[in-house]
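Scroll down for the structure; my scribbles are underneath it.
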Amino acid sequence: MALTPNVVANAPILSSWGNEIRNRSVQVFASAAERTSQWPSPPEGAPSYLVDTPGVTWVYSSSTWRPSAARGVPVAPALTTAGMTPTDSTVVDVPGLSVTFNALAGRYYRYTVCGHFVGTVATTDSIRLRVTNSGGTAIASWDHWVLFTNVGTLFTVVATELIAAAGSTTRKVRVARQTGTGTVQVFSDATRPATLIVEEIGAP
């Protein structure tokens with residue numbers, strides 16, 4: 001009777017039966033980087049678990065790893081502490097708040113933007129925050145009054161989008177003064193970062 005070869009930890013599985021077992025069982029990795037290094041070509045539907053993302057299982061689908069039951073699991077977070085140059089009525093990007101992810105068609109994605117905005121003229125000026133596509137077309141927008149001159153005001157805005165076309169998708173944050181005469185900006189620094197988090201939250 002032929003002996004079954006041993007499967008050694010962290011070594012390639014060279015037998016067809018071993019690959020079948022691996023591809024249909026939940027593989028545990030310390031991080032996404034380790035998973036990519038040790039399992040560079042998983043099959044469609046393969047499951048995995050990351051120690052640094054506790055409580056979440058992942059499934060390989062449409063050439064990318066996705067939360068198996070996405071409910072508030074970030075798929076593309078961005079954080080900036082760099083701040084930005086103030087703008088008037090000209091719509092500009094917020095530096096550092098742009099993410100590109102591999103979207104699935106027919107899935108809902110949630111965009112959460114947090115940070116502080118600042119304006120130079122109070123009570124008459126307002127700022128418009130936008131989540132846009134790569135070309136600058138708004139997916140959602142929100143207006144906020146500048147209540148205090150040159151004082152950071154905390155904001156959190158949330159939007160949901162049903163993605164129609166699968167593939168590489170970019171979403172970014174843009175701002176401009178909506179009313180008034182002064183300048184506005186999204187303010188951020190080391191202790192008050194601004195963030196954009198993209199989450200896949202399910203299907204209709």
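Residues in the structure tokens are numbered from 1 in each chain, the chains being A, B, ... in the order shown, and ligands are numbered from 1 in the order shown.
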
With 12 Å as the cut-off and only C-alpha atoms counted, what is the closest atom pair between each nearby residue of range 90-173 of chain A and range 49-70 of chain A? Distances in Å to one decimal, ordered by chain and number, as CSV.
```
residue,atom,partner,partner_atom,distance
A:Phe101,CA,A:Thr64,CA,9.5
A:Asn102,CA,A:Thr64,CA,7.2
A:Ala103,CA,A:Ser62,CA,9.0
A:Leu104,CA,A:Ser62,CA,7.7
A:Ala105,CA,A:Ser62,CA,10.3
A:Arg107,CA,A:Ala70,CA,10.3
A:Tyr108,CA,A:Ala70,CA,10.0
A:Tyr109,CA,A:Ala70,CA,9.8
A:Arg110,CA,A:Ala70,CA,10.9
A:Ala166,CA,A:Ser62,CA,8.9
A:Gly167,CA,A:Ser62,CA,8.7
A:Ser168,CA,A:Thr64,CA,10.8
```

Generate a file of the selected residues that holds N, CA and C atoms, formatted as a compact mmCIF listing (two decimals), in the first residue's frame.
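Dumped to out.txt:
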```txt
# COMPACT_ATOMS: atom_id res chain seq x y z
N PHE A 101 -11.22 50.21 -5.03
CA PHE A 101 -11.51 48.85 -4.60
C PHE A 101 -12.15 48.09 -5.74
N ASN A 102 -12.17 46.77 -5.62
CA ASN A 102 -12.75 45.91 -6.65
C ASN A 102 -14.20 45.63 -6.28
N ALA A 103 -15.14 46.32 -6.92
CA ALA A 103 -16.55 46.23 -6.56
C ALA A 103 -17.24 45.06 -7.27
N LEU A 104 -18.29 44.57 -6.63
CA LEU A 104 -19.15 43.56 -7.23
C LEU A 104 -20.44 44.22 -7.70
N ALA A 105 -20.90 43.86 -8.88
CA ALA A 105 -22.15 44.40 -9.40
C ALA A 105 -23.33 43.91 -8.56
N ARG A 107 -24.25 44.94 -5.60
CA ARG A 107 -24.01 44.96 -4.16
C ARG A 107 -24.08 46.41 -3.66
N TYR A 108 -24.54 46.55 -2.41
CA TYR A 108 -24.56 47.87 -1.78
C TYR A 108 -23.21 48.14 -1.11
N TYR A 109 -22.76 49.39 -1.26
CA TYR A 109 -21.55 49.84 -0.59
C TYR A 109 -21.88 51.09 0.23
N ARG A 110 -21.33 51.14 1.44
CA ARG A 110 -21.57 52.27 2.33
C ARG A 110 -20.30 53.09 2.45
N ALA A 166 -19.31 45.80 -12.15
CA ALA A 166 -18.22 45.23 -11.38
C ALA A 166 -16.88 45.75 -11.88
N GLY A 167 -15.87 45.66 -11.01
CA GLY A 167 -14.52 46.03 -11.41
C GLY A 167 -13.91 47.08 -10.52
N SER A 168 -12.76 47.59 -10.94
CA SER A 168 -12.04 48.60 -10.17
C SER A 168 -12.88 49.87 -10.06
```

Exercise. If we count only C-alpha atoms, what is near Ser188 in chain A at a cut-off of 8 Å, once residues fewer than 3 positions away on the same chain are taken out, given as a ChimeraX atom specification?
Worked result: /A:80-84,115-116,191-194

For this session: Using backbone DSSP assignments, extract all strand (DSSP E) residues from chain A; output them as a PyMOL selection string.
Result: chain A and resi 27-29+47-50+57-61+64-67+74-80+92-103+108-119+126-132+138-145+153-162+167-179+184-187+194-202

For this session: May I have the residues within 8 Å of Val118 in chain A as a PyMOL selection string, using only C-alpha atoms and disregarding those fewer than 6 positions away in the same chain?
Result: chain A and resi 146+149-153+184-187

How would the residues just chosen look if you wrote them out with C-alpha atoms as a PDB file, in the first residue's frame?
```
ATOM      1  CA  VAL A 146     -19.967  77.444   9.104  1.00  0.00           C
ATOM      2  CA  THR A 149     -14.898  81.450  12.223  1.00  0.00           C
ATOM      3  CA  ASN A 150     -11.723  79.364  11.857  1.00  0.00           C
ATOM      4  CA  VAL A 151     -12.904  76.761  14.382  1.00  0.00           C
ATOM      5  CA  GLY A 152     -12.967  73.088  13.427  1.00  0.00           C
ATOM      6  CA  THR A 153     -16.435  71.537  13.423  1.00  0.00           C
ATOM      7  CA  VAL A 184     -13.480  76.383   3.527  1.00  0.00           C
ATOM      8  CA  GLN A 185     -11.481  73.214   4.006  1.00  0.00           C
ATOM      9  CA  VAL A 186     -11.463  69.795   5.632  1.00  0.00           C
ATOM     10  CA  PHE A 187      -9.029  70.129   8.504  1.00  0.00           C
TER      11      PHE A 187
END
```

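Scanning chain A with DSSP on the backbone, the alpha helix (DSSP H) assignments fall on Ser16, Trp17, Gly18, Asn19, Glu20, Ile21, Arg22, Asn23, Ala32, Ala33, Glu34, Arg35, Thr36, Ser37 and Gln38 of chain A.
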
For this session: Go through A:Ser126, A:Ser31, A:Thr112, A:Thr120 one by one, measure the shortest atom-to-atom distance of each to Ile197 in chain A using only C-alpha atoms, and give the residue with the smallest value.
Result: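 Closest to Ile197 in chain A of all the choices is A:Thr112.
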
For this session: Could you jot down the CA of Ala122 in chain A to CA of Leu147 in chain A separation for me, Å, one decimal place?
Result: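 It comes out at 5.0 Å.
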